[in-house]
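Asker: Structure file query_15.csv (CSV, C-alpha atoms and all ligand atoms) right here:
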chain,number,residue,atom,x,y,z
A,1,MET,CA,86.8,98.0,95.8
A,2,SER,CA,87.9,99.6,99.1
A,3,TRP,CA,91.5,100.6,99.3
A,4,LEU,CA,92.1,98.4,102.3
A,5,ARG,CA,90.6,95.3,100.5
A,6,GLU,CA,92.8,96.2,97.6
A,7,GLU,CA,95.9,96.3,99.8
A,8,VAL,CA,95.0,92.9,101.4
A,9,LEU,CA,94.7,91.3,98.0
A,10,ARG,CA,97.9,92.9,96.9
A,11,TYR,CA,99.8,91.6,99.9
A,12,ALA,CA,98.2,88.2,99.2
A,13,GLY,CA,99.7,88.2,95.7
A,14,MET,CA,96.5,89.0,93.8
A,15,GLY,CA,97.3,92.7,93.2
A,16,ARG,CA,97.2,92.4,89.4
A,17,ALA,CA,94.0,90.4,89.2
A,18,ASP,CA,90.7,92.1,88.3
A,19,GLU,CA,88.2,91.8,91.2
A,20,LYS,CA,85.8,89.9,88.9
A,21,GLU,CA,88.4,87.2,88.4
A,22,ILE,CA,88.8,86.6,92.1
A,23,ASP,CA,86.8,84.0,93.9
A,24,PRO,CA,84.1,86.0,95.8
A,25,ARG,CA,84.8,83.8,98.9
A,26,ILE,CA,88.3,85.2,99.0
A,27,ILE,CA,87.0,88.7,98.8
A,28,ASP,CA,84.5,88.0,101.6
A,29,PHE,CA,87.2,86.5,103.7
A,30,ALA,CA,89.6,89.5,103.1
A,31,ASP,CA,86.9,91.8,104.5
A,32,ARG,CA,86.2,89.4,107.4
A,33,ALA,CA,89.9,89.1,108.2
A,34,VAL,CA,90.2,92.9,108.5
A,35,GLU,CA,87.2,93.0,110.8
A,36,GLU,CA,88.5,90.2,113.0
A,37,LEU,CA,91.9,91.8,113.2
A,38,ILE,CA,90.5,95.2,114.2
A,39,HIS,CA,88.7,93.5,117.1
A,40,VAL,CA,91.9,92.0,118.6
A,41,TYR,CA,94.8,94.3,117.6
A,42,GLU,CA,96.5,96.7,120.0
A,43,PRO,CA,98.4,99.1,117.7
A,44,ARG,CA,101.2,101.0,119.5
A,45,CYS,CA,104.2,103.0,118.3
A,46,THR,CA,107.2,104.8,119.7
A,47,THR,CA,109.7,107.3,118.3
A,48,LYS,CA,112.9,109.0,119.2
A,49,ILE,CA,115.0,111.6,117.3
A,50,PHE,CA,118.7,111.1,116.9
A,51,SER,CA,121.4,113.2,115.3
A,52,VAL,CA,123.1,111.7,112.2
A,53,SER,CA,126.6,112.3,111.0
A,54,THR,CA,129.1,110.7,108.6
A,55,ILE,CA,131.9,108.6,110.0
A,56,ARG,CA,135.3,110.0,108.9
A,57,GLY,CA,137.3,107.6,106.8
A,58,VAL,CA,134.4,105.1,106.3
A,59,GLU,CA,132.8,105.0,102.9
A,60,ASN,CA,129.0,105.4,103.3
A,61,GLY,CA,129.4,105.2,107.1
A,62,LEU,CA,126.7,106.9,109.2
A,63,ARG,CA,126.6,107.4,113.0
A,64,PHE,CA,123.2,107.9,114.7
A,65,GLY,CA,123.0,109.5,118.1
A,66,GLY,CA,125.8,110.9,120.3
A,67,PHE,CA,126.2,108.7,123.3
A,68,ASP,CA,124.1,105.6,122.6
A,69,VAL,CA,125.2,105.2,119.1
A,70,MET,CA,124.3,103.0,116.1
A,71,ASP,CA,126.9,102.9,113.3
A,72,VAL,CA,125.7,101.8,109.8
A,73,THR,CA,127.5,101.3,106.5
A,74,SER,CA,124.9,101.7,103.7
A,75,ARG,CA,125.0,103.4,100.4
A,76,SER,CA,121.3,103.6,99.9
A,77,LEU,CA,120.8,105.1,103.4
A,78,THR,CA,123.6,107.6,102.8
A,79,VAL,CA,121.9,108.7,99.6
A,80,ASN,CA,118.4,108.9,101.2
A,81,LEU,CA,119.6,110.9,104.3
A,82,GLN,CA,121.6,113.4,102.3
A,83,GLY,CA,121.2,116.9,103.9
A,84,CYS,CA,119.6,115.5,107.1
A,85,GLU,CA,121.0,116.4,110.5
A,86,GLU,CA,118.4,114.5,112.4
A,87,VAL,CA,116.6,111.2,112.0
A,88,LEU,CA,113.4,109.9,113.5
A,89,PHE,CA,113.6,106.4,114.7
A,90,PHE,CA,110.2,104.7,114.6
A,91,ALA,CA,108.7,101.4,115.7
A,92,ALA,CA,105.2,100.1,115.7
A,93,THR,CA,103.3,96.9,116.4
A,94,LEU,CA,99.8,95.4,116.1
A,95,GLY,CA,100.3,93.3,119.3
A,96,ILE,CA,100.5,89.6,120.0
A,97,GLU,CA,96.8,88.7,119.5
A,98,VAL,CA,97.3,89.3,115.8
A,99,ASP,CA,99.9,86.6,115.6
A,100,ARG,CA,97.6,84.2,117.5
A,101,LEU,CA,94.7,84.9,115.0
A,102,ILE,CA,97.0,84.3,112.0
A,103,ARG,CA,98.2,81.0,113.6
A,104,LYS,CA,94.7,79.9,114.3
A,105,TYR,CA,93.5,80.4,110.7
A,106,SER,CA,96.8,79.0,109.2
A,107,ALA,CA,96.3,75.8,111.2
A,108,ARG,CA,92.7,75.6,109.9
A,109,ASP,CA,93.2,76.5,106.3
A,110,MET,CA,96.4,77.5,104.5
A,111,SER,CA,94.7,80.0,102.1
A,112,GLN,CA,92.7,81.6,105.0
A,113,GLY,CA,96.0,81.9,106.9
A,114,LEU,CA,97.6,83.6,104.0
A,115,ILE,CA,94.8,86.2,103.6
A,116,MET,CA,94.8,86.8,107.4
A,117,ASP,CA,98.5,87.4,107.2
A,118,ALA,CA,98.1,89.8,104.2
A,119,ALA,CA,95.3,91.7,106.1
A,120,ALA,CA,97.6,92.1,109.1
A,121,THR,CA,100.4,93.4,106.8
A,122,ALA,CA,97.9,95.9,105.2
A,123,LEU,CA,96.8,97.0,108.7
A,124,ILE,CA,100.3,97.6,110.1
A,125,GLU,CA,101.4,99.5,107.0
A,126,SER,CA,98.3,101.7,107.2
A,127,TYR,CA,98.8,102.2,110.9
A,128,CYS,CA,102.4,103.3,110.3
A,129,ASP,CA,101.3,105.7,107.5
A,130,GLY,CA,98.8,107.3,110.0
A,131,CYS,CA,101.4,107.6,112.7
A,132,ASN,CA,103.9,109.1,110.2
A,133,TYR,CA,101.4,111.5,108.9
A,134,ARG,CA,100.7,112.8,112.4
A,135,LEU,CA,104.4,113.1,113.2
A,136,GLU,CA,105.0,115.0,110.0
A,137,LYS,CA,102.2,117.4,110.8
A,138,GLU,CA,104.0,118.2,114.1
A,139,LEU,CA,107.3,118.6,112.4
A,140,ASN,CA,105.8,120.9,109.7
A,141,LYS,CA,105.2,123.5,112.4
A,142,GLU,CA,109.0,123.8,112.7
A,143,TYR,CA,109.4,123.8,108.9
A,144,LYS,CA,110.7,120.2,108.9
A,145,THR,CA,109.4,117.3,106.9
A,146,LEU,CA,110.0,113.5,106.9
A,147,ARG,CA,111.6,111.3,104.2
A,148,PRO,CA,110.0,107.9,103.6
A,149,ARG,CA,110.4,105.0,106.1
A,150,PHE,CA,113.6,103.1,105.7
A,151,SER,CA,113.7,99.7,107.5
A,152,PRO,CA,116.6,97.4,108.3
A,153,GLY,CA,116.7,94.8,105.4
A,154,TYR,CA,115.9,97.5,102.9
A,155,GLY,CA,118.5,97.9,100.1
A,156,ASP,CA,121.9,97.5,101.8
A,157,PHE,CA,120.7,98.5,105.2
A,158,ASP,CA,121.6,95.3,107.1
A,159,VAL,CA,118.7,93.6,108.8
A,160,LYS,CA,121.0,93.0,111.9
A,161,HIS,CA,120.4,96.6,112.8
A,162,GLN,CA,116.9,95.6,113.9
A,163,ARG,CA,118.6,94.8,117.3
A,164,ASP,CA,119.8,98.4,117.5
A,165,PHE,CA,116.3,99.7,117.2
A,166,ILE,CA,115.2,97.3,120.0
A,167,ARG,CA,118.0,98.8,122.2
A,168,LEU,CA,117.7,102.4,121.2
A,169,LEU,CA,113.9,102.6,121.5
A,170,ASP,CA,113.8,100.2,124.4
A,171,LEU,CA,111.1,98.3,122.5
A,172,PRO,CA,110.3,95.5,125.1
A,173,ARG,CA,109.3,98.2,127.6
A,174,THR,CA,107.8,100.8,125.3
A,175,ILE,CA,105.6,98.7,123.0
A,176,GLY,CA,106.3,95.1,124.0
A,177,VAL,CA,108.4,94.1,121.0
A,178,THR,CA,111.2,91.6,121.6
A,179,PRO,CA,113.7,89.9,119.2
A,180,THR,CA,113.9,86.2,118.5
A,181,ASP,CA,117.3,84.4,118.4
A,182,GLY,CA,117.2,84.6,114.6
A,183,GLY,CA,116.8,88.4,114.7
A,184,MET,CA,113.0,88.5,113.9
A,185,LEU,CA,110.5,90.6,115.8
A,186,VAL,CA,107.8,89.3,118.2
A,187,PRO,CA,105.0,90.2,117.6
A,188,ALA,CA,105.6,89.4,114.0
A,189,LYS,CA,103.5,92.3,112.7
A,190,SER,CA,105.9,94.9,113.9
A,191,VAL,CA,107.9,97.5,112.0
A,192,THR,CA,111.1,99.3,112.7
A,193,ALA,CA,112.2,102.1,110.5
A,194,LEU,CA,114.0,105.4,110.4
A,195,MET,CA,113.1,108.6,108.6
A,196,GLY,CA,115.3,111.4,107.7
A,197,ILE,CA,114.1,114.8,108.9
A,198,SER,CA,114.7,117.5,106.3
A,199,ARG,CA,114.2,121.2,106.6
A,200,PHE,CA,112.3,123.4,104.1
A,201,LYS,CA,112.2,127.2,103.8
A,202,LYS,CA,109.0,129.0,104.9
A,203,PRO,CA,106.6,128.2,102.0
A,204,LEU,CA,105.3,131.3,100.2
A,205,TYR,CA,102.0,129.8,99.0
A,206,GLY,CA,101.6,127.0,101.5
A,207,ASP,CA,103.0,124.5,99.0
A,208,ILE,CA,105.2,122.3,101.1
A,209,GLN,CA,107.6,119.9,99.5
A,210,ARG,CA,106.6,116.6,100.9
A,211,CYS,CA,107.7,113.0,100.4
A,212,ASN,CA,105.1,110.5,99.2
A,213,ILE,CA,103.7,108.7,102.3
A,214,HIS,CA,103.8,105.4,100.4
A,215,GLY,CA,107.5,105.8,99.7
A,216,CYS,CA,109.8,106.4,96.8
A,217,GLU,CA,108.3,103.5,94.9
A,218,GLU,CA,105.1,105.4,94.3
A,219,CYS,CA,106.6,108.9,94.2
A,220,LEU,CA,106.5,110.7,90.9
A,221,LYS,CA,109.7,112.7,91.5
A,222,LYS,CA,111.8,110.4,89.5
A,223,ASP,CA,114.8,112.7,89.4
A,224,CYS,CA,114.9,113.1,93.2
A,225,ILE,CA,118.5,112.8,94.5
A,226,TYR,CA,117.3,111.4,97.8
A,227,ARG,CA,115.4,108.5,96.2
A,228,ARG,CA,115.8,105.2,97.9
A,229,ASN,CA,117.9,102.7,95.9
A,230,ILE,CA,115.0,101.0,94.1
A,301,LIG,S1,111.7,110.1,95.6
A,301,LIG,FE1,109.9,111.1,96.5
A,301,LIG,S2,109.4,110.0,98.4
A,301,LIG,FE2,111.5,109.4,97.8
A,301,LIG,S3,112.9,110.8,98.9
A,301,LIG,FE3,112.4,111.8,96.9
A,301,LIG,S4,110.6,113.1,97.2
A,301,LIG,FE4,110.8,111.7,99.0
Translate this file's structure into structure tokens.
Ligand code: SF4
Answerer:
Amino acid sequence: MSWLREEVLRYAGMGRADEKEIDPRIIDFADRAVEELIHVYEPRCTTKIFSVSTIRGVENGLRFGGFDVMDVTSRSLTVNLQGCEEVLFFAATLGIEVDRLIRKYSARDMSQGLIMDAAATALIESYCDGCNYRLEKELNKEYKTLRPRFSPGYGDFDVKHQRDFIRLLDLPRTIGVTPTDGGMLVPAKSVTALMGISRFKKPLYGDIQRCNIHGCEECLKKDCIYRRNI
């Protein structure tokens, strides 16, 4: 099974099932969903680097940026960003046509809508991974590396900070992402996240200490002190 199909089925809640146990029509539709989405999606991303410092007198308080600040109180983020002086703010979207396609299939057939939604989630995650990989390659030239993505709503990082990403990255202008009154993002298949930038010493044998691109959940460094609160 291709990794992308596996991801689609996982997001559709069938991750634990053996492929032979899944209705072949679902598998066919998962592949078709990816193809259709790739025809209409317009993936875009934007980034900005901010400084990060602790806020004196505030337990687990962090301040991002100097002038245009975002203040956050979060234990899990404080742990994950230990030792970082800079943080990369990141946002990405698949574009509004993806939302339309999901709506079209959901109106026609609930289960097809669900698979289409899962395929779009797999695509945005894979797009973000690709962007982060390229960004990390650039940072590696300066002996810097990226910690895993950390999105508002993750752990105790309040989802209300989604609005700060929209403001700090000027998302309506840069990649066409706007907030709803309820604090959700439009297009729906959009991601905001920050990643700590950590430094490493010049590697002797080219063995660079890297975070797992799929995040702490899949990382084997179980004793890592920066591990996301999972
Ligand atoms: S647990 Fe792994 S992925 Fe998470 S911060 Fe540590 S090294 Fe990076």
Asker: My list of candidates is A:Asn132, A:Thr54, A:Ser74, A:Thr145. Which is closest to Ala92 (chain A) when distances are computed with only C-alpha atoms?
Answerer: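 Once distances to Ala92 (chain A) are computed over only C-alpha atoms, the minimum belongs to A:Asn132.
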Asker: Please provide as a PyMOL selection string all residues within 10 Å of His161 (chain A), with the sequence filter that same-chain residues fewer than 2 positions apart are discarded (counting only C-alpha atoms).
Answerer: chain A and resi 70-72+151-153+157-159+163-167+183+192
Asker: When you look at Tyr226 (chain A) with a cut-off of 8 Å (counting only C-alpha atoms), what residues show up, excluding the ones that are within fewer than 2 positions of it in the same chain? I need them as a list in words.
Answerer: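 The residues that qualify are Val79, Asn80, Leu81, Gln82, Cys224 and Arg228 of chain A.
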Asker: Using all atoms listed in the file, pick whichever of A:Arg44, A:Arg173, A:Arg10, A:Arg147 has the shortest atom-to-atom distance to ligand LIG 301 (chain A).
Answerer: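 Comparing A:Arg44, A:Arg173, A:Arg10, A:Arg147 against ligand LIG 301 (chain A), the winner is A:Arg147.
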Asker: What does the distance between atom FE1 of ligand LIG 301 (chain A) and CA of Ile213 (chain A) come to in Å, to one decimal place?
Answerer: 8.8 Å
Asker: Name the closest residue to ligand LIG 301 (chain A) among the candidates A:Val8, A:Cys219, A:Leu94, A:Ala120; distances are taken between atoms, counting all atoms listed in the file.
Answerer: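 Closest residue, counting all atoms listed in the file: A:Cys219.
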Asker: When you draw a straight line from CA of Asp99 (chain A) to CA of Leu114 (chain A), how long is it in Å?
Answerer: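 Going from CA of Asp99 (chain A) over to CA of Leu114 (chain A) covers 12.2 Å.
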Asker: In the coordinate frame of the file, compute which residues have an atom within 12 Å of (127.4, 109.1, 117.2) when using only C-alpha atoms, and state them as a count of residues only.
Answerer: 21
Asker: As a quick test: using all atoms listed in the file, which residues lie no more than 12 Å away from ligand LIG 301 (chain A)? Give them as a ChimeraX atom specification.
Answerer: /A:76-84,145-150,195-198,208-230
Asker: Go through A:Ala12, A:Ile49, A:Leu101, A:Ala188 one by one, measure the shortest atom-to-atom distance of each to Ile124 (chain A) using all atoms listed in the file, and give the residue with the smallest value.
Answerer: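 The closest residue to Ile124 (chain A) is A:Ala188.
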Asker: Of the residues A:Cys128, A:Ile27, A:Leu139, A:Leu194, which is the one nearest to Leu169 (chain A), using all atoms listed in the file?
Answerer: A:Leu194
Asker: Between A:Ser111, A:Thr174, A:Thr46, A:Thr121, which one has atoms that come closest to Tyr11 (chain A), using all atoms listed in the file?
Answerer: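 Between A:Ser111, A:Thr174, A:Thr46, A:Thr121, the residue approaching Tyr11 (chain A) most closely is A:Thr121.
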Asker: Would you be able to write out as a list of chain:residue names which residues have an atom within 10 Å of (98.2, 87.4, 119.2) in the file's coordinates, counting only C-alpha atoms?
Answerer: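 Within 10 Å of (98.2, 87.4, 119.2), the protein and nucleic acid residues are A:Leu37, A:Val40, A:Tyr41, A:Glu42, A:Leu94, A:Gly95, A:Ile96, A:Glu97, A:Val98, A:Asp99, A:Arg100, A:Leu101, A:Ile102, A:Arg103, A:Lys104, A:Val186, A:Pro187, A:Ala188, A:Lys189.
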Asker: Just the number, please: distance in Å from CA of Asp129 (chain A) to CA of Met14 (chain A), one decimal.
Answerer: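 These two atoms are separated by 22.1 Å.
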Asker: Could you rebuild region 160-171 of chain A with all heavy atoms and give me the result as a tab-separated table (two decimals), keeping the file's coordinate frame?
Answerer:
chain	number	residue	atom	x	y	z
A	160	LYS	N	120.51	93.17	110.48
A	160	LYS	CA	121.00	93.00	111.90
A	160	LYS	C	120.79	94.23	112.71
A	160	LYS	O	120.76	94.15	113.94
A	160	LYS	CB	122.51	92.62	111.82
A	160	LYS	CG	123.42	93.79	111.48
A	160	LYS	CD	124.88	93.42	111.50
A	160	LYS	CE	125.69	94.70	111.24
A	160	LYS	NZ	127.02	94.53	110.78
A	161	HIS	N	120.57	95.39	112.07
A	161	HIS	CA	120.40	96.60	112.80
A	161	HIS	C	118.99	96.68	113.52
A	161	HIS	O	118.73	97.58	114.32
A	161	HIS	CB	120.55	97.86	111.93
A	161	HIS	CG	121.98	98.04	111.52
A	161	HIS	ND1	122.98	98.33	112.42
A	161	HIS	CD2	122.59	97.92	110.32
A	161	HIS	CE1	124.13	98.40	111.79
A	161	HIS	NE2	123.93	98.15	110.51
A	162	GLN	N	118.16	95.70	113.21
A	162	GLN	CA	116.90	95.60	113.90
A	162	GLN	C	117.18	95.56	115.46
A	162	GLN	O	116.44	96.14	116.24
A	162	GLN	CB	116.29	94.21	113.54
A	162	GLN	CG	114.84	94.05	113.82
A	162	GLN	CD	114.02	94.32	112.57
A	162	GLN	OE1	113.60	95.44	112.36
A	162	GLN	NE2	113.82	93.29	111.78
A	163	ARG	N	118.26	94.91	115.85
A	163	ARG	CA	118.60	94.80	117.30
A	163	ARG	C	118.95	96.19	117.85
A	163	ARG	O	118.70	96.46	119.02
A	163	ARG	CB	119.82	93.89	117.47
A	163	ARG	CG	119.45	92.44	117.29
A	163	ARG	CD	120.53	91.50	117.74
A	163	ARG	NE	120.01	90.14	117.73
A	163	ARG	CZ	119.37	89.59	118.75
A	163	ARG	NH1	119.20	90.26	119.86
A	163	ARG	NH2	118.88	88.37	118.66
A	164	ASP	N	119.54	97.06	117.03
A	164	ASP	CA	119.80	98.40	117.50
A	164	ASP	C	118.57	99.20	117.79
A	164	ASP	O	118.49	99.96	118.74
A	164	ASP	CB	120.69	99.18	116.47
A	164	ASP	CG	122.08	98.59	116.34
A	164	ASP	OD1	122.70	98.30	117.38
A	164	ASP	OD2	122.54	98.40	115.20
A	165	PHE	N	117.55	99.00	116.94
A	165	PHE	CA	116.30	99.70	117.20
A	165	PHE	C	115.66	99.20	118.51
A	165	PHE	O	115.10	99.99	119.27
A	165	PHE	CB	115.27	99.37	116.04
A	165	PHE	CG	115.49	100.21	114.82
A	165	PHE	CD1	116.51	99.94	113.94
A	165	PHE	CD2	114.66	101.30	114.55
A	165	PHE	CE1	116.71	100.71	112.80
A	165	PHE	CE2	114.86	102.08	113.42
A	165	PHE	CZ	115.88	101.78	112.55
A	166	ILE	N	115.78	97.89	118.76
A	166	ILE	CA	115.20	97.30	120.00
A	166	ILE	C	115.91	97.98	121.20
A	166	ILE	O	115.26	98.37	122.17
A	166	ILE	CB	115.37	95.80	119.99
A	166	ILE	CG1	114.41	95.23	118.94
A	166	ILE	CG2	115.11	95.20	121.37
A	166	ILE	CD1	114.62	93.80	118.58
A	167	ARG	N	117.21	98.15	121.10
A	167	ARG	CA	118.00	98.80	122.20
A	167	ARG	C	117.72	100.27	122.30
A	167	ARG	O	117.38	100.77	123.37
A	167	ARG	CB	119.48	98.49	121.91
A	167	ARG	CG	120.46	99.17	122.85
A	167	ARG	CD	121.89	98.72	122.52
A	167	ARG	NE	122.28	99.03	121.14
A	167	ARG	CZ	122.82	100.18	120.74
A	167	ARG	NH1	123.00	101.15	121.61
A	167	ARG	NH2	123.17	100.38	119.49
A	168	LEU	N	117.82	100.98	121.18
A	168	LEU	CA	117.70	102.40	121.20
A	168	LEU	C	116.32	102.93	121.58
A	168	LEU	O	116.16	103.97	122.20
A	168	LEU	CB	118.18	103.05	119.90
A	168	LEU	CG	119.66	102.88	119.57
A	168	LEU	CD1	119.93	103.20	118.10
A	168	LEU	CD2	120.52	103.76	120.45
A	169	LEU	N	115.31	102.18	121.16
A	169	LEU	CA	113.90	102.60	121.50
A	169	LEU	C	113.35	101.82	122.65
A	169	LEU	O	112.18	101.99	122.98
A	169	LEU	CB	113.03	102.39	120.23
A	169	LEU	CG	113.33	103.27	119.01
A	169	LEU	CD1	112.44	102.88	117.84
A	169	LEU	CD2	113.13	104.74	119.34
A	170	ASP	N	114.19	100.96	123.25
A	170	ASP	CA	113.80	100.20	124.40
A	170	ASP	C	112.42	99.48	124.13
A	170	ASP	O	111.45	99.60	124.89
A	170	ASP	CB	113.67	101.06	125.66
A	170	ASP	CG	113.58	100.24	126.94
A	170	ASP	OD1	113.70	99.01	126.86
A	170	ASP	OD2	113.34	100.85	128.01
A	171	LEU	N	112.36	98.78	123.01
A	171	LEU	CA	111.10	98.30	122.50
A	171	LEU	C	110.37	97.26	123.44
A	171	LEU	O	109.13	97.28	123.51
A	171	LEU	CB	111.26	97.65	121.12
A	171	LEU	CG	111.63	98.65	120.03
A	171	LEU	CD1	111.59	97.99	118.67
A	171	LEU	CD2	110.68	99.85	120.04
